[in-house]
$ cat input.cif   # mmCIF, C-alpha atoms
data_work
#
loop_
_atom_site.label_atom_id
_atom_site.label_comp_id
_atom_site.auth_asym_id
_atom_site.auth_seq_id
_atom_site.Cartn_x
_atom_site.Cartn_y
_atom_site.Cartn_z
CA MET A 1 71.06 0.69 -10.39
CA ARG A 2 73.05 -1.30 -12.97
CA ALA A 3 75.07 -2.91 -10.18
CA GLU A 4 71.81 -4.02 -8.49
CA LYS A 5 70.52 -5.50 -11.75
CA ARG A 6 73.79 -7.37 -12.29
CA LEU A 7 73.61 -8.73 -8.75
CA ILE A 8 69.99 -9.84 -9.22
CA HIS A 9 70.84 -11.40 -12.59
CA ALA A 10 73.79 -13.28 -11.09
CA ALA A 11 71.64 -14.55 -8.21
CA THR A 12 68.89 -15.60 -10.63
CA MET A 13 71.30 -17.48 -12.85
CA TRP A 14 72.80 -19.23 -9.82
CA VAL A 15 69.36 -20.36 -8.66
CA ARG A 16 68.44 -21.60 -12.15
CA ARG A 17 71.59 -23.76 -12.28
CA GLN A 18 70.72 -25.55 -9.05
CA PRO A 19 69.09 -29.00 -9.07
CA PRO A 20 65.36 -29.25 -8.17
CA LYS A 21 66.07 -30.40 -4.61
CA VAL A 22 68.20 -27.32 -3.92
CA LYS A 23 65.55 -25.04 -5.46
CA ALA A 24 62.89 -26.63 -3.25
CA PHE A 25 65.11 -26.17 -0.19
CA LEU A 26 65.71 -22.50 -1.06
CA ALA A 27 61.97 -21.97 -1.52
CA VAL A 28 61.23 -23.49 1.89
CA VAL A 29 63.94 -21.41 3.57
CA SER A 30 62.66 -18.22 1.89
CA GLY A 31 59.11 -19.01 2.98
CA MET A 32 60.17 -19.64 6.57
CA ALA A 33 62.18 -16.41 6.63
CA ALA A 34 59.14 -14.48 5.35
CA LEU A 35 56.95 -16.08 8.02
CA VAL A 36 59.41 -15.11 10.77
CA LEU A 37 59.50 -11.55 9.44
CA LEU A 38 55.69 -11.33 9.34
CA ARG A 39 55.43 -12.71 12.87
CA PHE A 40 57.46 -9.80 14.22
CA ILE A 41 55.99 -7.09 11.98
CA VAL A 42 52.27 -8.00 12.20
CA HIS A 43 51.10 -8.25 15.80
CA ASP A 44 47.47 -9.17 15.09
CA HIS A 45 47.70 -12.06 12.67
CA ASP A 46 44.01 -11.80 11.79
CA ASN A 47 45.07 -8.75 9.79
CA LEU A 48 46.97 -11.07 7.45
CA PHE A 49 43.71 -12.73 6.40
CA VAL A 50 42.09 -9.35 5.79
CA ALA A 51 45.21 -8.31 3.84
CA ALA A 52 44.95 -11.48 1.74
CA GLU A 53 41.33 -10.69 0.83
CA SER A 54 42.26 -7.08 0.07
CA VAL A 55 45.14 -8.10 -2.22
CA HIS A 56 42.79 -10.52 -4.02
CA SER A 57 40.36 -7.64 -4.53
CA LEU A 58 43.22 -5.49 -5.82
CA GLY A 59 44.04 -8.21 -8.34
CA ILE A 60 40.42 -8.22 -9.51
CA SER A 61 40.63 -4.42 -9.85
CA VAL A 62 43.58 -4.88 -12.22
CA LEU A 63 41.41 -7.19 -14.32
CA ILE A 64 38.60 -4.63 -14.36
CA TYR A 65 41.03 -2.00 -15.64
CA LYS A 66 42.27 -4.38 -18.35
CA LEU A 67 38.76 -5.24 -19.50
CA THR A 68 37.42 -1.69 -19.50
CA LYS A 69 40.44 0.20 -20.85
CA GLU A 70 42.01 -2.31 -23.24
CA LYS A 71 38.70 -3.92 -24.30
CA THR A 72 40.24 -7.38 -24.44
CA CYS A 73 40.20 -10.52 -22.31
CA ALA A 74 43.05 -12.24 -24.16
CA GLY A 75 45.16 -14.33 -21.80
CA LEU A 76 42.45 -14.66 -19.15
CA SER A 77 40.92 -17.97 -18.13
CA LEU A 78 37.13 -17.92 -17.93
CA LYS A 79 37.25 -21.27 -16.15
CA SER A 80 39.45 -19.90 -13.37
CA GLN A 81 37.02 -17.04 -12.88
CA GLU A 82 34.10 -19.47 -12.75
CA LEU A 83 35.87 -21.66 -10.18
CA THR A 84 36.62 -18.53 -8.15
CA ALA A 85 32.96 -17.50 -8.28
CA ILE A 86 31.87 -20.98 -7.16
CA PHE A 87 34.10 -21.15 -4.08
CA LEU A 88 33.35 -17.52 -3.17
CA ALA A 89 29.59 -18.11 -3.44
CA VAL A 90 29.81 -21.24 -1.28
CA ARG A 91 32.07 -19.50 1.25
CA LEU A 92 29.73 -16.50 1.35
CA TYR A 93 26.78 -18.78 2.11
CA CYS A 94 28.77 -20.50 4.87
CA SER A 95 29.77 -17.12 6.31
CA PHE A 96 26.13 -16.04 6.52
CA VAL A 97 24.95 -19.20 8.27
CA MET A 98 28.05 -19.97 10.36
CA GLU A 99 29.97 -16.77 11.20
CA TYR A 100 29.19 -13.29 9.87
CA ASP A 101 32.21 -10.95 10.05
CA ILE A 102 34.45 -8.62 8.01
CA HIS A 103 35.46 -11.56 5.80
CA THR A 104 31.84 -11.87 4.68
CA ILE A 105 31.83 -8.29 3.38
CA LEU A 106 35.16 -8.76 1.59
CA ASP A 107 33.95 -12.01 0.01
CA LEU A 108 30.75 -10.31 -1.16
CA ALA A 109 32.69 -7.51 -2.86
CA THR A 110 35.12 -9.98 -4.47
CA LEU A 111 32.28 -12.21 -5.68
CA ALA A 112 30.45 -9.25 -7.25
CA THR A 113 33.54 -8.15 -9.19
CA THR A 114 34.34 -11.73 -10.22
CA LEU A 115 30.81 -12.17 -11.62
CA TRP A 116 31.28 -8.92 -13.56
CA VAL A 117 34.55 -10.24 -15.03
CA ILE A 118 32.78 -13.46 -16.06
CA TYR A 119 30.01 -11.41 -17.72
CA MET A 120 32.55 -9.34 -19.66
CA ILE A 121 34.46 -12.40 -20.89
CA ARG A 122 31.33 -14.38 -21.84
CA PHE A 123 29.40 -11.61 -23.57
CA LYS A 124 31.02 -8.20 -24.07
CA LEU A 125 34.56 -9.33 -25.01
CA LYS A 126 33.83 -12.83 -26.26
CA SER A 127 35.65 -12.22 -29.57
CA SER A 128 39.00 -11.83 -27.77
CA TYR A 129 38.52 -14.82 -25.45
CA MET A 130 41.16 -17.50 -26.15
CA GLU A 131 38.85 -20.47 -25.77
CA ASP A 132 41.27 -22.89 -27.47
CA LYS A 133 43.95 -22.06 -24.88
CA ASP A 134 41.55 -22.27 -21.94
CA ASN A 135 41.28 -26.05 -22.25
CA PHE A 136 41.50 -27.15 -18.62
CA ALA A 137 38.65 -29.54 -17.74
CA ILE A 138 37.24 -28.06 -14.52
CA TYR A 139 35.50 -31.29 -13.53
CA TYR A 140 39.01 -32.63 -12.87
CA VAL A 141 39.10 -30.38 -9.80
CA VAL A 142 35.42 -29.84 -8.92
CA ILE A 143 34.54 -33.53 -8.57
CA PRO A 144 37.62 -34.50 -6.47
CA CYS A 145 37.05 -31.47 -4.23
CA ALA A 146 33.41 -32.45 -3.71
CA VAL A 147 34.34 -36.08 -2.91
CA LEU A 148 37.10 -34.93 -0.55
CA ALA A 149 34.67 -32.57 1.20
CA LEU A 150 32.22 -35.42 1.74
CA CYS A 151 34.97 -37.51 3.32
CA ILE A 152 36.94 -34.85 5.24
CA HIS A 153 35.11 -31.84 6.67
CA PRO A 154 34.91 -29.91 9.99
CA SER A 155 33.65 -31.74 13.06
CA THR A 156 32.04 -28.68 14.65
CA SER A 157 28.45 -28.41 15.89
CA HIS A 158 27.18 -26.77 12.68
CA ASN A 159 24.79 -28.45 10.26
CA LEU A 160 26.47 -31.33 8.38
CA MET A 161 25.69 -29.92 4.92
CA ASN A 162 27.15 -26.54 5.88
CA ARG A 163 30.32 -28.22 7.10
CA ILE A 164 30.65 -30.11 3.81
CA PHE A 165 30.11 -26.88 1.86
CA TRP A 166 32.81 -25.16 3.92
CA ALA A 167 35.29 -27.95 3.23
CA PHE A 168 34.42 -27.86 -0.47
CA CYS A 169 35.19 -24.16 -0.80
CA VAL A 170 38.51 -24.59 1.05
CA TYR A 171 39.61 -27.37 -1.31
CA LEU A 172 38.34 -25.65 -4.46
CA GLU A 173 40.07 -22.37 -3.60
CA ALA A 174 43.38 -24.22 -3.40
CA VAL A 175 43.21 -25.28 -7.06
CA SER A 176 41.02 -22.59 -8.65
CA VAL A 177 43.99 -20.87 -10.32
CA LEU A 178 45.08 -23.99 -12.26
CA PRO A 179 43.10 -23.14 -15.46
CA GLN A 180 44.68 -19.65 -15.51
CA LEU A 181 48.15 -21.13 -15.18
CA GLN A 182 47.30 -23.58 -17.98
CA VAL A 183 46.32 -20.70 -20.28
CA MET A 184 49.60 -18.92 -19.56
CA GLN A 185 51.57 -22.11 -20.15
CA ASN A 186 49.79 -22.61 -23.48
CA THR A 187 50.49 -19.07 -24.66
CA LYS A 188 54.02 -18.87 -23.15
CA ILE A 189 53.73 -15.04 -23.16
CA VAL A 190 51.82 -13.19 -20.43
CA GLU A 191 50.89 -9.53 -20.91
CA PRO A 192 51.39 -7.13 -17.96
CA PHE A 193 47.87 -6.84 -16.53
CA THR A 194 47.29 -10.60 -16.46
CA ALA A 195 50.71 -11.05 -14.86
CA HIS A 196 49.88 -8.42 -12.21
CA TYR A 197 46.59 -10.18 -11.46
CA VAL A 198 48.14 -13.63 -11.03
CA PHE A 199 50.98 -12.21 -8.93
CA ALA A 200 48.37 -10.55 -6.69
CA LEU A 201 46.74 -13.96 -6.29
CA GLY A 202 50.11 -15.41 -5.31
CA VAL A 203 50.65 -12.73 -2.67
CA ALA A 204 47.10 -13.21 -1.36
CA ARG A 205 47.61 -16.96 -1.10
CA PHE A 206 50.88 -16.51 0.77
CA LEU A 207 49.33 -14.05 3.25
CA SER A 208 46.41 -16.40 3.86
CA CYS A 209 48.79 -19.31 4.38
CA ALA A 210 50.94 -17.20 6.72
CA HIS A 211 47.81 -16.29 8.70
CA TRP A 212 46.97 -19.92 9.39
CA VAL A 213 50.53 -21.06 10.08
CA LEU A 214 51.21 -18.20 12.50
CA GLN A 215 47.86 -18.70 14.22
CA VAL A 216 48.74 -22.35 14.82
CA LEU A 217 52.18 -21.42 16.15
CA ASP A 218 50.84 -18.69 18.44
CA SER A 219 48.15 -20.98 19.87
CA ARG A 220 50.72 -23.77 20.24
CA GLY A 221 48.49 -26.11 18.30
CA HIS A 222 45.27 -25.28 20.16
CA LEU A 223 43.79 -23.78 16.98
CA LEU A 224 43.97 -27.18 15.31
CA VAL A 225 41.94 -28.62 18.19
CA ALA A 226 39.40 -25.78 17.85
CA LEU A 227 38.98 -26.59 14.16
CA GLY A 228 37.88 -30.08 15.07
CA TYR A 229 39.32 -33.55 15.23
CA GLY A 230 40.40 -36.04 12.57
CA LEU A 231 42.09 -35.06 9.31
CA TRP A 232 40.25 -31.75 8.80
CA PRO A 233 42.70 -29.42 10.67
CA SER A 234 45.63 -30.88 8.73
CA MET A 235 43.75 -30.57 5.42
CA VAL A 236 43.11 -26.87 6.04
CA LEU A 237 46.84 -26.24 6.43
CA ILE A 238 47.71 -28.49 3.50
CA SER A 239 45.22 -26.65 1.27
CA GLU A 240 46.75 -23.29 2.19
CA ILE A 241 50.27 -24.56 1.53
CA VAL A 242 49.29 -26.21 -1.76
CA GLN A 243 47.72 -23.07 -3.22
CA THR A 244 50.80 -21.07 -2.19
CA PHE A 245 53.24 -23.44 -3.86
CA ILE A 246 51.09 -23.69 -7.01
CA LEU A 247 51.76 -20.00 -7.65
CA ALA A 248 55.30 -19.84 -6.24
CA ASP A 249 57.00 -20.71 -9.55
CA PHE A 250 55.05 -18.05 -11.47
CA CYS A 251 55.78 -15.42 -8.82
CA TYR A 252 59.50 -16.18 -9.16
CA TYR A 253 59.43 -15.49 -12.92
CA TYR A 254 57.24 -12.42 -12.36
CA ILE A 255 59.71 -10.85 -9.91
CA LYS A 256 62.60 -11.75 -12.20
CA SER A 257 60.82 -10.09 -15.13
CA VAL A 258 60.00 -6.93 -13.14
CA PHE A 259 63.58 -6.49 -11.92
CA GLY A 260 64.80 -7.19 -15.43
CA GLY A 261 62.70 -4.31 -16.76
CA GLN A 262 60.53 -6.55 -18.98
CA LEU A 263 56.91 -5.52 -19.43
CA VAL A 264 55.88 -8.81 -21.02
CA LEU A 265 56.47 -12.00 -19.04
CA ARG A 266 57.80 -14.97 -20.99
CA LEU A 267 57.36 -18.33 -19.33
CA PRO A 268 59.64 -21.29 -20.03
CA SER A 269 58.14 -24.73 -20.59
CA GLY A 270 57.21 -26.70 -17.51
CA VAL A 271 56.35 -23.79 -15.18
CA VAL A 272 52.85 -25.16 -14.61
#
$ encode --input "input.cif" --output "structure tokens"
Amino acid sequence: MRAEKRLIHAATMWVRRQPPKVKAFLAVVSGMAALVLLRFIVHDHDNLFVAAESVHSLGISVLIYKLTKEKTCAGLSLKSQELTAIFLAVRLYCSFVMEYDIHTILDLATLATTLWVIYMIRFKLKSSYMEDKDNFAIYYVVIPCAVLALCIHPSTSHNLMNRIFWAFCVYLEAVSVLPQLQVMQNTKIVEPFTAHYVFALGVARFLSCAHWVLQVLDSRGHLLVALGYGLWPSMVLISEIVQTFILADFCYYYIKSVFGGQLVLRLPSGVV
């Protein structure tokens, strides 16, 4: 076990010494390797999307445990939870009017638990809420996402307003975790349950991104045509990739902390 830890420590130190371009290259190579592995392991790639939703729900369950057992919401971003509730509510509406399936049920369950978390932070555990650290201005992401949705949205046969709503929730989901990352950067120390929750979000984002990328590869690009014409198909993929890379840096430090036997995650400056 000690030999494994020494090997992991040596590999971690080697990666940290590399210039940013090398780190970016290693991240891309690791992501591609993971995609290749998933392509051979998971035969029905729709299961990746269901897995992503399930992992997100698992992350919410970790938050519920933290709030009910520890009676504190310290380290959690209320604004991230509110952004999550907004895009889930919009996506749930779009699912009802555009395509009702298993994703609709998963979104409904996730939205219900997210609203409960918001209620707990706002009312029951307000005294432990770190409002001064949760200082991300959400209109910095809501307004650009709304403008982008007006300009770039699906070109399907659905109602125009529904198509704009769908684009809005795709864009907002990609950046909804930014306030939570800002809180963690402000505090520099992340307690275990919050770290588990954000890591679950990172895994969920990666699985969702893998679902779309593999679907495009398997259909040899026909899926992009099915999504519509113009910039929308590319924006869907870009949104998935962006939200994956936003959390990639945190996930790296999380894995390093877990293998190092540290219960509390300490973030260096500049992670977010």
$ atom_distance --input "input.cif" --atom1 "CA of Lys69 in chain A" --atom2 "CA of Trp116 in chain A"
14.8 Å
$ resolve_selection --input "input.cif" --expression "the PyMOL selection byres ((chain A and resi 162-170) around 10)" --output "PyMOL selection string"
chain A and resi 83-84+86-95+97-98+142-161+171-176+232+235-236+239-240
$ axis_aligned_box --input "input.cif" --around "range 76-90 of chain A" --padding-each-side "5 Å" --output "AutoDock Vina command-line options"
--center_x 36.0 --center_y -18.2 --center_z -10.2 --size_x 22.9 --size_y 17.0 --size_z 27.9
$ closest_residue --input "input.cif" --among "A:Leu237, A:Ile60, A:Ile255, A:Leu48" --to "Leu207 in chain A" --atoms "all atoms listed in the file"
A:Leu48
$ residues_around --input "input.cif" --residues "Leu247 in chain A" --least-positions-apart "5" --cutoff "8 Å" --atoms "all atoms listed in the file" --output "compact mmCIF listing (two decimals) with C-alpha atoms, in the coordinates of the input"
# COMPACT_ATOMS: atom_id res chain seq x y z
CA PHE A 199 50.98 -12.21 -8.93
CA LEU A 201 46.74 -13.96 -6.29
CA GLY A 202 50.11 -15.41 -5.31
$ closest_residue --input "input.cif" --among "A:Ile241, A:Val183, A:Ala52, A:Ile64" --to "Ser208 in chain A" --atoms "all atoms listed in the file"
A:Ala52
$ resolve_selection --input "input.cif" --expression "the PyMOL selection byres ((chain A and resi 66) around 12)" --output "PyMOL selection string"
chain A and resi 59-65+67-76+117+120-121+125+191-197
$ closest_residue --input "input.cif" --among "A:Ser127, A:Ser77, A:Gln243, A:Thr104" --to "Gln182 in chain A" --atoms "all atoms listed in the file"
A:Ser77
$ atom_distance --input "input.cif" --atom1 "CA of Asp249 in chain A" --atom2 "CA of Pro179 in chain A"
15.3 Å
$ atom_distance --input "input.cif" --atom1 "CA of Ser57 in chain A" --atom2 "CA of Thr110 in chain A"
5.7 Å
$ closest_residue --input "input.cif" --among "A:Lys188, A:His56, A:Arg205, A:His211" --to "Ala248 in chain A" --atoms "all atoms listed in the file"
A:Arg205
$ closest_residue --input "input.cif" --among "A:Ser54, A:Ser128, A:Ser80, A:Ser234" --to "Asp107 in chain A" --atoms "all atoms listed in the file"
A:Ser54
$ build_atoms --input "input.cif" --residues "range 126-137 of chain A" --atoms "all heavy atoms" --output "PDB file, in the coordinates of the input"
ATOM      1  N   LYS A 126      33.738 -11.425 -25.868  1.00  0.00           N
ATOM      2  CA  LYS A 126      33.830 -12.830 -26.260  1.00  0.00           C
ATOM      3  C   LYS A 126      34.756 -13.046 -27.451  1.00  0.00           C
ATOM      4  O   LYS A 126      35.418 -14.083 -27.565  1.00  0.00           O
ATOM      5  CB  LYS A 126      32.436 -13.361 -26.571  1.00  0.00           C
ATOM      6  CG  LYS A 126      32.394 -14.863 -26.808  1.00  0.00           C
ATOM      7  CD  LYS A 126      30.978 -15.343 -27.033  1.00  0.00           C
ATOM      8  CE  LYS A 126      30.939 -16.860 -27.246  1.00  0.00           C
ATOM      9  NZ  LYS A 126      29.545 -17.341 -27.449  1.00  0.00           N
ATOM     10  N   SER A 127      34.830 -12.075 -28.362  1.00  0.00           N
ATOM     11  CA  SER A 127      35.650 -12.220 -29.570  1.00  0.00           C
ATOM     12  C   SER A 127      37.139 -12.322 -29.262  1.00  0.00           C
ATOM     13  O   SER A 127      37.900 -12.899 -30.048  1.00  0.00           O
ATOM     14  CB  SER A 127      35.402 -11.033 -30.520  1.00  0.00           C
ATOM     15  OG  SER A 127      35.741  -9.804 -29.878  1.00  0.00           O
ATOM     16  N   SER A 128      37.577 -11.776 -28.119  1.00  0.00           N
ATOM     17  CA  SER A 128      39.000 -11.830 -27.770  1.00  0.00           C
ATOM     18  C   SER A 128      39.328 -12.955 -26.786  1.00  0.00           C
ATOM     19  O   SER A 128      40.485 -13.127 -26.400  1.00  0.00           O
ATOM     20  CB  SER A 128      39.448 -10.487 -27.171  1.00  0.00           C
ATOM     21  OG  SER A 128      38.709 -10.193 -25.992  1.00  0.00           O
ATOM     22  N   TYR A 129      38.307 -13.723 -26.397  1.00  0.00           N
ATOM     23  CA  TYR A 129      38.520 -14.820 -25.450  1.00  0.00           C
ATOM     24  C   TYR A 129      39.244 -15.971 -26.150  1.00  0.00           C
ATOM     25  O   TYR A 129      38.813 -16.451 -27.201  1.00  0.00           O
ATOM     26  CB  TYR A 129      37.175 -15.287 -24.897  1.00  0.00           C
ATOM     27  CG  TYR A 129      37.224 -16.556 -24.079  1.00  0.00           C
ATOM     28  CD1 TYR A 129      38.180 -16.733 -23.073  1.00  0.00           C
ATOM     29  CD2 TYR A 129      36.316 -17.591 -24.302  1.00  0.00           C
ATOM     30  CE1 TYR A 129      38.218 -17.896 -22.317  1.00  0.00           C
ATOM     31  CE2 TYR A 129      36.340 -18.753 -23.551  1.00  0.00           C
ATOM     32  CZ  TYR A 129      37.289 -18.900 -22.565  1.00  0.00           C
ATOM     33  OH  TYR A 129      37.338 -20.057 -21.826  1.00  0.00           O
ATOM     34  N   MET A 130      40.337 -16.436 -25.562  1.00  0.00           N
ATOM     35  CA  MET A 130      41.160 -17.500 -26.150  1.00  0.00           C
ATOM     36  C   MET A 130      40.649 -18.856 -25.675  1.00  0.00           C
ATOM     37  O   MET A 130      41.279 -19.528 -24.855  1.00  0.00           O
ATOM     38  CB  MET A 130      42.626 -17.281 -25.770  1.00  0.00           C
ATOM     39  CG  MET A 130      43.145 -15.901 -26.172  1.00  0.00           C
ATOM     40  SD  MET A 130      44.736 -15.466 -25.419  1.00  0.00           S
ATOM     41  CE  MET A 130      45.809 -16.623 -26.271  1.00  0.00           C
ATOM     42  N   GLU A 131      39.515 -19.258 -26.229  1.00  0.00           N
ATOM     43  CA  GLU A 131      38.850 -20.470 -25.770  1.00  0.00           C
ATOM     44  C   GLU A 131      39.697 -21.722 -26.022  1.00  0.00           C
ATOM     45  O   GLU A 131      39.687 -22.673 -25.230  1.00  0.00           O
ATOM     46  CB  GLU A 131      37.495 -20.624 -26.449  1.00  0.00           C
ATOM     47  CG  GLU A 131      36.650 -21.759 -25.910  1.00  0.00           C
ATOM     48  CD  GLU A 131      35.247 -21.772 -26.482  1.00  0.00           C
ATOM     49  OE1 GLU A 131      34.938 -20.885 -27.307  1.00  0.00           O
ATOM     50  OE2 GLU A 131      34.464 -22.661 -26.107  1.00  0.00           O
ATOM     51  N   ASP A 132      40.453 -21.728 -27.141  1.00  0.00           N
ATOM     52  CA  ASP A 132      41.270 -22.890 -27.470  1.00  0.00           C
ATOM     53  C   ASP A 132      42.423 -23.076 -26.494  1.00  0.00           C
ATOM     54  O   ASP A 132      42.907 -24.201 -26.298  1.00  0.00           O
ATOM     55  CB  ASP A 132      41.815 -22.778 -28.894  1.00  0.00           C
ATOM     56  CG  ASP A 132      42.643 -21.519 -29.089  1.00  0.00           C
ATOM     57  OD1 ASP A 132      42.275 -20.468 -28.520  1.00  0.00           O
ATOM     58  OD2 ASP A 132      43.667 -21.583 -29.797  1.00  0.00           O
ATOM     59  N   LYS A 133      42.873 -21.984 -25.863  1.00  0.00           N
ATOM     60  CA  LYS A 133      43.950 -22.060 -24.880  1.00  0.00           C
ATOM     61  C   LYS A 133      43.426 -22.377 -23.476  1.00  0.00           C
ATOM     62  O   LYS A 133      44.155 -22.907 -22.642  1.00  0.00           O
ATOM     63  CB  LYS A 133      44.724 -20.740 -24.825  1.00  0.00           C
ATOM     64  CG  LYS A 133      45.322 -20.294 -26.166  1.00  0.00           C
ATOM     65  CD  LYS A 133      46.392 -21.249 -26.655  1.00  0.00           C
ATOM     66  CE  LYS A 133      47.025 -20.741 -27.938  1.00  0.00           C
ATOM     67  NZ  LYS A 133      48.034 -21.683 -28.476  1.00  0.00           N
ATOM     68  N   ASP A 134      42.169 -22.036 -23.257  1.00  0.00           N
ATOM     69  CA  ASP A 134      41.550 -22.270 -21.940  1.00  0.00           C
ATOM     70  C   ASP A 134      40.904 -23.661 -21.949  1.00  0.00           C
ATOM     71  O   ASP A 134      39.685 -23.815 -21.889  1.00  0.00           O
ATOM     72  CB  ASP A 134      40.498 -21.188 -21.674  1.00  0.00           C
ATOM     73  CG  ASP A 134      40.072 -21.141 -20.216  1.00  0.00           C
ATOM     74  OD1 ASP A 134      40.734 -21.782 -19.373  1.00  0.00           O
ATOM     75  OD2 ASP A 134      39.084 -20.450 -19.922  1.00  0.00           O
ATOM     76  N   ASN A 135      41.762 -24.681 -22.020  1.00  0.00           N
ATOM     77  CA  ASN A 135      41.280 -26.050 -22.250  1.00  0.00           C
ATOM     78  C   ASN A 135      41.388 -26.950 -21.027  1.00  0.00           C
ATOM     79  O   ASN A 135      41.422 -28.171 -21.154  1.00  0.00           O
ATOM     80  CB  ASN A 135      42.053 -26.674 -23.418  1.00  0.00           C
ATOM     81  CG  ASN A 135      43.572 -26.600 -23.216  1.00  0.00           C
ATOM     82  OD1 ASN A 135      44.050 -26.273 -22.132  1.00  0.00           O
ATOM     83  ND2 ASN A 135      44.327 -26.893 -24.257  1.00  0.00           N
ATOM     84  N   PHE A 136      41.442 -26.354 -19.844  1.00  0.00           N
ATOM     85  CA  PHE A 136      41.500 -27.150 -18.620  1.00  0.00           C
ATOM     86  C   PHE A 136      40.097 -27.650 -18.284  1.00  0.00           C
ATOM     87  O   PHE A 136      39.150 -26.868 -18.217  1.00  0.00           O
ATOM     88  CB  PHE A 136      42.047 -26.291 -17.475  1.00  0.00           C
ATOM     89  CG  PHE A 136      42.348 -27.059 -16.216  1.00  0.00           C
ATOM     90  CD1 PHE A 136      43.626 -27.542 -15.970  1.00  0.00           C
ATOM     91  CD2 PHE A 136      41.359 -27.307 -15.278  1.00  0.00           C
ATOM     92  CE1 PHE A 136      43.909 -28.251 -14.815  1.00  0.00           C
ATOM     93  CE2 PHE A 136      41.635 -28.014 -14.123  1.00  0.00           C
ATOM     94  CZ  PHE A 136      42.916 -28.482 -13.892  1.00  0.00           C
ATOM     95  N   ALA A 137      39.960 -28.943 -18.078  1.00  0.00           N
ATOM     96  CA  ALA A 137      38.650 -29.540 -17.740  1.00  0.00           C
ATOM     97  C   ALA A 137      38.387 -29.327 -16.247  1.00  0.00           C
ATOM     98  O   ALA A 137      39.020 -29.962 -15.403  1.00  0.00           O
ATOM     99  CB  ALA A 137      38.642 -31.017 -18.087  1.00  0.00           C
TER     100      ALA A 137
END
